[in-house]
Amino acid sequence: MKLKIRCLNKVNLTILLLIAASGVFGQLTGTKHIPLDYPTVAAAVTALNLNGVGAGGVTFNVGATHVETISSTISITATGTAGNPIVFQKDPATAGANPRITAYTGGVGTPASSGQDGIWRLVGTDYITIDGIDLEENPVNTANPATMEYGYALYKASTSNGCQFVTIRNCVVTLNNINNALGGGPMVDGSAGIIVMNATATSAVTSLSVVAGGTNSNNRFHNNTIQNCNTGIALIGYAASSPFTLADTDNDVGGNHDSTGNNILNFGGASGAINPAVAIRTLAQYNLNVSHNSINNNDGAGTNHPNILRGIYTNTATSANTAITYNTVTLHGGGTTHHLLGIENAAGSTPAANTIDIHHNTVTNSTYATATTGGFYGIRNAASAATVNMNNNSVTDNSNAANSTGFFYSLLNSGTATNVTMNSNIVSGNSTLALTGLFVGIYNSTVVTNLKINTNTIAGNSTTSSTGTYFAIYNTGAATASIRIDSNFVGNNTTPAFTFNSANSGTQTYISNTAGASTATLSISHNDFQGITYAVTGSGNNTFITNTAATQSQSINANTFTNLNVATTGNLNFFANKPSALVKEVKV
């Protein structure tokens with residue numbers, strides 16, 4: 001018996017050695033075809049995970065029009081390297097629609113579950129490209145928890161193994177926006193087209209405390225169409241401490257050209273939604289780029305969202321640099337008291353020579369027809385960074401129907417940054433109805449060191465409110481070094497500044513500065529006012545330039561006023577200045 005047992009063990013040992021050898025020498029390389037070499041993408045991934053990738057990497061060409069329905073989440077655990085990358089792509093030699101993978105039926109997870117339902121995930125894998133492969137919810141999954149929580153997901157394998165150098169591009173992800181359930185831990189609310197998570201796939205609602213190697217960094221998401229989700233693209237990282245080497249770094253949503261931007265469409269809108277919806281959401285991301293994306297939560301094929309609705313939301317990232325540029329955002333609210341925010345940045349607080357760049361974005365054609373007290377933010381920065389640049393943005397042709405104390409803020413800085421520049425922006429064609437709160441074109445509401453609000457155009461805006469208050473430019477923050485409100489156009493020779501379409505009794509102030517330290521210099525100069533129009537005679541006071549701050553010096557000169565039709569029985573003041581005894585110089 002002992003002899004037989006020993007022989008059996010030798011046989012087993014030989015088999016094990018053969019298996020081990022096949023694993024070494026069976027690494028996948030070169031070009032594989034689906035469905036020729038592997039019948040499905042799922043089968044190819046199984047082989048990849050078993051054998052790994054060999055010298056030169058492996059490319060899986062998936063035939064155009066290929067379709068498959070998976071029975072469980074596709075999960076890649078194999079990793080590529082810079083020299084041995086992994087590529088899954090639509091076969092460039094075939095014509096037709098992108099390959100399409102349909103989700104399994106009967107999901108059991110929710111955004112608050114440790115194990116979530118999804119179509120395709122990467123787990124601690126590097127140097128992988130997925131190009132032109134579409135994902136879709138199974139039409140049988142019509143309610144939670146059956147619906148998928150994500151299309152594509154990047155998870156960490158451990159605290160020391162994140163996903164790096166992953167590219168997902170040219171894909172269409174279509175889920176079910178009925179999934180609006182609250183997320184747990186790092187997971188965002190509802191269904192999400194693409195997620196990058198500081199969590200493992202098996203503990204998706206537990207944030208990790210990362211060590212070296214555990215970041216999700218250098219990932220690219222370009223030219224994808226994400227639709228019918230509650231959240232479009234979400235990047236949620238680890239809140240590392242300075243010097244932030246353990247934080248997600250250099251992730252890119254949209255690239256540097258219109259051809260690489262993502263389209264995020266018809267998101268949110270679940271009936272009776274009790275949680276927010278957002279197109280792009282981030283947390284704890286460093287050197288982040290969010291650019292050239294096109295966002296519309298209801299292009300005619302969606303539903304207005306009845307809760308908080310955001311286009312781009314870059315949440316906190318201590319001392320981070322962030323770029324939000326060349327995006328186009330359109331939002332349609334379906335709530336009453338909840339706010340709409342085209343672009344909101346909270347990344348970058350705790351100044352450390354960092355810069356927040358928010359430029360060349362367009363927030364346009366947004367509507368909030370059901371609002372009562374709900375407010376509208378076109379573009380808002382709430383980060384107290386070293387430098388905040390909010391330049392060359394356009395907030396145009398948006399409307400808020402709030403019939404009570406709502407507000408309309410086109411561009412707002414509420415972060416106590418060192419240097420704030422809000423230059424060359426256009427605020428035009430926006431309207432409010434019965435709003436009794438504020439309408440503000442350019443607004444700084446907090447203490448900064450140096451404030452520049454120059455060369456902006458605020459024109460063609462209007463209201464039917466009987467009591468609402470209008471400011472073209474409004475500063476209530478006590479800048480400590482300098483305030484420059486110069487060379488702005490409040491109206492121009494083709495478009496009036498503001499039109500009151502009902503008998504308005506509100507006190508209107510077109511450029512207003514109410515704060516500034518005794519150490520600050522103030523300039524309100526070379527501004528041009530044209531076309532204040534009361535279509536119906538009003539009764540409110542009108543002041544074109546007012547300052548109530550006792551700054552070190554004040555220069556208010558070379559301002560011009562043209563073609564004004566201020567049909568009001570109230571007082572009309574061109575200048576109202578109340579300097580204190582601290583003022584050393586006043587020029588008017």
# chains A, B, ... in the order shown; residues from 1 in each chain; ligands from 1
$ select_by_dssp --residues "range 196-425 of chain A" --states "strand (DSSP E)" --output "PyMOL selection string"
chain A and resi 196+220-222+225-227+231-236+248-249+252-253+263-265+277-283+285-286+288-291+294-296+309-314+322-325+328-330+340-345+355-359+362-364+367-368+376-381+387-391+394-396+399-400+408-413+419-421
$ closest_atom_pairs --of "range 518-543 of chain A" --to "range 561-571 of chain A" --cutoff "6 Å" --atoms "only C-alpha atoms" --output "tab-separated table"
residue	atom	partner	partner_atom	distance
A:Phe529	CA	A:Phe561	CA	4.7
A:Gln530	CA	A:Thr562	CA	4.8
A:Gly531	CA	A:Leu564	CA	4.8
A:Ile532	CA	A:Leu564	CA	5.1
A:Thr533	CA	A:Asn565	CA	4.9
A:Tyr534	CA	A:Ala567	CA	5.4
A:Thr537	CA	A:Ala567	CA	5.0
A:Gly538	CA	A:Thr568	CA	4.4
A:Ser539	CA	A:Thr569	CA	4.6
A:Gly540	CA	A:Gly570	CA	4.8
A:Asn541	CA	A:Gly570	CA	4.4
$ residues_around --residues "Thr548 in chain A" --least-positions-apart "5" --cutoff "8 Å" --atoms "only C-alpha atoms" --output "MDAnalysis selection string"
chainID A and resid 513:515 577:579
$ write_last_selection --atoms "N, CA and C atoms" --output "PDB file, in the first residue's frame"
ATOM      1  N   ASN A 513     -19.647  96.665  -4.477  1.00  0.00           N
ATOM      2  CA  ASN A 513     -18.565  96.181  -3.622  1.00  0.00           C
ATOM      3  C   ASN A 513     -18.887  96.591  -2.198  1.00  0.00           C
ATOM      4  N   THR A 514     -19.049  95.606  -1.321  1.00  0.00           N
ATOM      5  CA  THR A 514     -19.444  95.901   0.060  1.00  0.00           C
ATOM      6  C   THR A 514     -18.381  95.535   1.073  1.00  0.00           C
ATOM      7  N   ALA A 515     -17.231  95.043   0.638  1.00  0.00           N
ATOM      8  CA  ALA A 515     -16.228  94.599   1.594  1.00  0.00           C
ATOM      9  C   ALA A 515     -14.837  94.789   1.024  1.00  0.00           C
ATOM     10  N   ASN A 577     -20.737 106.032  -2.942  1.00  0.00           N
ATOM     11  CA  ASN A 577     -19.484 105.648  -2.323  1.00  0.00           C
ATOM     12  C   ASN A 577     -19.455 106.185  -0.902  1.00  0.00           C
ATOM     13  N   LYS A 578     -19.159 105.328   0.051  1.00  0.00           N
ATOM     14  CA  LYS A 578     -19.163 105.712   1.464  1.00  0.00           C
ATOM     15  C   LYS A 578     -17.831 105.347   2.107  1.00  0.00           C
ATOM     16  N   PRO A 579     -16.755 106.026   1.721  1.00  0.00           N
ATOM     17  CA  PRO A 579     -15.467 105.732   2.339  1.00  0.00           C
ATOM     18  C   PRO A 579     -15.404 106.249   3.757  1.00  0.00           C
TER      19      PRO A 579
END
$ residues_around --residues "Pro92 in chain A" --least-positions-apart "3" --cutoff "10 Å" --atoms "only C-alpha atoms" --output "list in words"
Asn61, Val62, Gly63, Ala64, Gln89, Ala95 and Gly132 of chain A
$ write_last_selection --atoms "N, CA, C and O atoms" --output "mmCIF file, in the first residue's frame"
data_model
loop_
_atom_site.group_PDB
_atom_site.id
_atom_site.type_symbol
_atom_site.label_atom_id
_atom_site.label_comp_id
_atom_site.auth_asym_id
_atom_site.auth_seq_id
_atom_site.Cartn_x
_atom_site.Cartn_y
_atom_site.Cartn_z
ATOM 1 N N ASN A 61 -9.006 41.207 -30.443
ATOM 2 C CA ASN A 61 -9.841 41.890 -31.422
ATOM 3 C C ASN A 61 -11.235 41.260 -31.403
ATOM 4 O O ASN A 61 -11.398 40.078 -31.720
ATOM 5 N N VAL A 62 -12.201 42.073 -31.019
ATOM 6 C CA VAL A 62 -13.581 41.589 -30.919
ATOM 7 C C VAL A 62 -14.332 42.059 -32.158
ATOM 8 O O VAL A 62 -14.378 43.266 -32.449
ATOM 9 N N GLY A 63 -14.909 41.121 -32.874
ATOM 10 C CA GLY A 63 -15.560 41.451 -34.126
ATOM 11 C C GLY A 63 -16.696 42.439 -33.977
ATOM 12 O O GLY A 63 -17.465 42.390 -33.016
ATOM 13 N N ALA A 64 -16.796 43.353 -34.941
ATOM 14 C CA ALA A 64 -17.940 44.265 -34.957
ATOM 15 C C ALA A 64 -19.231 43.468 -34.973
ATOM 16 O O ALA A 64 -19.301 42.371 -35.538
ATOM 17 N N GLN A 89 -10.344 45.361 -27.912
ATOM 18 C CA GLN A 89 -10.807 46.407 -28.815
ATOM 19 C C GLN A 89 -11.734 45.849 -29.885
ATOM 20 O O GLN A 89 -11.685 44.657 -30.225
ATOM 21 N N ALA A 95 -16.260 45.884 -39.988
ATOM 22 C CA ALA A 95 -17.117 47.066 -40.044
ATOM 23 C C ALA A 95 -18.442 46.783 -39.346
ATOM 24 O O ALA A 95 -18.917 45.644 -39.318
ATOM 25 N N GLY A 132 -13.858 50.653 -27.664
ATOM 26 C CA GLY A 132 -14.975 50.388 -28.565
ATOM 27 C C GLY A 132 -15.776 49.155 -28.239
ATOM 28 O O GLY A 132 -16.241 48.461 -29.159
#
$ closest_residue --among "A:Thr405, A:Thr159, A:Asn527, A:Thr480" --to "Asn456 in chain A" --atoms "only C-alpha atoms"
A:Asn527
$ residues_around --residues "Ile34 in chain A" --least-positions-apart "5" --cutoff "9 Å" --atoms "only C-alpha atoms" --output "list in words"
Pro39, Thr40, Val41, Ala44, Phe60, Asn61, Val62, Gly63, His66 and Asp91 of chain A
$ atom_distance --atom1 "CA of Ser319 in chain A" --atom2 "CA of Ile236 in chain A"
16.4 Å
$ closest_residue --among "A:Ser217, A:Asn262, A:Gln27, A:Thr249" --to "Gly193 in chain A" --atoms "only C-alpha atoms"
A:Asn262
$ closest_residue --among "A:Val363, A:Met390, A:Ile511, A:Ala320" --to "Ser349 in chain A" --atoms "only C-alpha atoms"
A:Ala320
$ residues_around --residues "Pro306 in chain A" --least-positions-apart "6" --cutoff "8 Å" --atoms "only C-alpha atoms" --output "PDB file with N, CA and C atoms, in the first residue's frame"
ATOM      1  N   GLY A 269     -33.063  61.293 -13.013  1.00  0.00           N
ATOM      2  CA  GLY A 269     -34.444  61.272 -13.477  1.00  0.00           C
ATOM      3  C   GLY A 269     -35.286  60.129 -12.969  1.00  0.00           C
ATOM      4  N   ALA A 270     -34.781  59.353 -12.012  1.00  0.00           N
ATOM      5  CA  ALA A 270     -35.611  58.290 -11.443  1.00  0.00           C
ATOM      6  C   ALA A 270     -36.851  58.884 -10.789  1.00  0.00           C
ATOM      7  N   SER A 271     -37.962  58.263 -10.989  1.00  0.00           N
ATOM      8  CA  SER A 271     -39.202  58.755 -10.399  1.00  0.00           C
ATOM      9  C   SER A 271     -39.101  58.795  -8.881  1.00  0.00           C
ATOM     10  N   GLY A 272     -39.381  59.952  -8.303  1.00  0.00           N
ATOM     11  CA  GLY A 272     -39.318  60.099  -6.857  1.00  0.00           C
ATOM     12  C   GLY A 272     -37.921  59.977  -6.287  1.00  0.00           C
ATOM     13  N   ALA A 273     -36.889  60.270  -7.080  1.00  0.00           N
ATOM     14  CA  ALA A 273     -35.500  60.122  -6.638  1.00  0.00           C
ATOM     15  C   ALA A 273     -35.253  60.887  -5.338  1.00  0.00           C
ATOM     16  N   ILE A 274     -34.643  60.213  -4.378  1.00  0.00           N
ATOM     17  CA  ILE A 274     -34.367  60.832  -3.079  1.00  0.00           C
ATOM     18  C   ILE A 274     -32.885  61.140  -2.907  1.00  0.00           C
ATOM     19  N   GLY A 333     -33.858  70.556 -14.290  1.00  0.00           N
ATOM     20  CA  GLY A 333     -34.318  70.171 -12.968  1.00  0.00           C
ATOM     21  C   GLY A 333     -35.796  69.837 -12.951  1.00  0.00           C
ATOM     22  N   GLY A 334     -36.146  68.844 -12.136  1.00  0.00           N
ATOM     23  CA  GLY A 334     -37.541  68.457 -11.980  1.00  0.00           C
ATOM     24  C   GLY A 334     -37.996  68.527 -10.542  1.00  0.00           C
ATOM     25  N   GLY A 335     -37.207  69.160  -9.677  1.00  0.00           N
ATOM     26  CA  GLY A 335     -37.559  69.283  -8.271  1.00  0.00           C
ATOM     27  C   GLY A 335     -38.215  70.608  -7.975  1.00  0.00           C
ATOM     28  N   THR A 336     -38.213  70.982  -6.707  1.00  0.00           N
ATOM     29  CA  THR A 336     -38.786  72.263  -6.294  1.00  0.00           C
ATOM     30  C   THR A 336     -37.817  73.052  -5.409  1.00  0.00           C
ATOM     31  N   HIS A 338     -34.609  71.734  -4.407  1.00  0.00           N
ATOM     32  CA  HIS A 338     -33.222  71.306  -4.576  1.00  0.00           C
ATOM     33  C   HIS A 338     -32.500  72.186  -5.594  1.00  0.00           C
TER      34      HIS A 338
END
$ closest_atom_pairs --of "range 242-281 of chain A" --to "range 228-233 of chain A" --cutoff "7 Å" --atoms "only C-alpha atoms" --output "JSON lines"
{"residue": "A:Ile264", "atom": "CA", "partner": "A:Gly232", "partner_atom": "CA", "distance": 6.1}
{"residue": "A:Leu265", "atom": "CA", "partner": "A:Asn228", "partner_atom": "CA", "distance": 6.8}
{"residue": "A:Asn266", "atom": "CA", "partner": "A:Asn228", "partner_atom": "CA", "distance": 5.2}
{"residue": "A:Phe267", "atom": "CA", "partner": "A:Cys229", "partner_atom": "CA", "distance": 4.8}
{"residue": "A:Gly268", "atom": "CA", "partner": "A:Asn230", "partner_atom": "CA", "distance": 4.3}
{"residue": "A:Ala277", "atom": "CA", "partner": "A:Asn230", "partner_atom": "CA", "distance": 5.3}
{"residue": "A:Val278", "atom": "CA", "partner": "A:Thr231", "partner_atom": "CA", "distance": 5.0}
{"residue": "A:Ala279", "atom": "CA", "partner": "A:Gly232", "partner_atom": "CA", "distance": 4.4}
{"residue": "A:Ile280", "atom": "CA", "partner": "A:Ile233", "partner_atom": "CA", "distance": 4.9}
{"residue": "A:Arg281", "atom": "CA", "partner": "A:Ile233", "partner_atom": "CA", "distance": 6.4}
$ write_last_selection --atoms "N, CA and C atoms" --output "CSV table (one decimal), in the first residue's frame"
chain,number,residue,atom,x,y,z
A,264,ILE,N,-22.1,62.5,-21.7
A,264,ILE,CA,-22.9,61.9,-20.6
A,264,ILE,C,-24.3,62.4,-20.7
A,265,LEU,N,-25.2,61.5,-21.0
A,265,LEU,CA,-26.5,61.9,-21.4
A,265,LEU,C,-27.6,61.2,-20.6
A,266,ASN,N,-28.7,61.9,-20.4
A,266,ASN,CA,-29.9,61.4,-19.8
A,266,ASN,C,-29.7,60.6,-18.5
A,267,PHE,N,-28.9,61.3,-17.7
A,267,PHE,CA,-28.6,60.7,-16.4
A,267,PHE,C,-29.6,61.2,-15.3
A,268,GLY,N,-29.7,60.5,-14.2
A,268,GLY,CA,-30.7,60.9,-13.2
A,268,GLY,C,-32.1,60.7,-13.7
A,277,ALA,N,-28.2,63.3,-8.5
A,277,ALA,CA,-27.6,62.7,-9.7
A,277,ALA,C,-26.5,63.6,-10.2
A,278,VAL,N,-25.5,63.1,-10.9
A,278,VAL,CA,-24.4,63.8,-11.4
A,278,VAL,C,-23.7,63.2,-12.6
A,279,ALA,N,-23.2,64.0,-13.5
A,279,ALA,CA,-22.5,63.4,-14.6
A,279,ALA,C,-21.1,63.0,-14.3
A,280,ILE,N,-20.3,63.8,-13.7
A,280,ILE,CA,-18.9,63.5,-13.3
A,280,ILE,C,-18.7,63.9,-11.9
A,281,ARG,N,-18.3,62.9,-11.1
A,281,ARG,CA,-18.1,63.2,-9.6
A,281,ARG,C,-16.7,62.6,-9.2
$ atom_distance --atom1 "CA of Gly118 in chain A" --atom2 "CA of Asn345 in chain A"
28.5 Å
$ closest_residue --among "A:Arg220, A:Lys452, A:His339, A:His360" --to "Ala402 in chain A" --atoms "only C-alpha atoms"
A:His339
$ select_by_dssp --residues "range 23-180 of chain A" --states "helix (DSSP H, G or I)" --output "PyMOL selection string"
chain A and resi 23-25+41-51
$ closest_residue --among "A:Ile379, A:Ala478, A:Leu435, A:Val53" --to "Ser465 in chain A" --atoms "only C-alpha atoms"
A:Leu435
$ closest_residue --among "A:Leu433, A:Leu28, A:Ala497, A:Val172" --to "Ser404 in chain A" --atoms "only C-alpha atoms"
A:Leu433
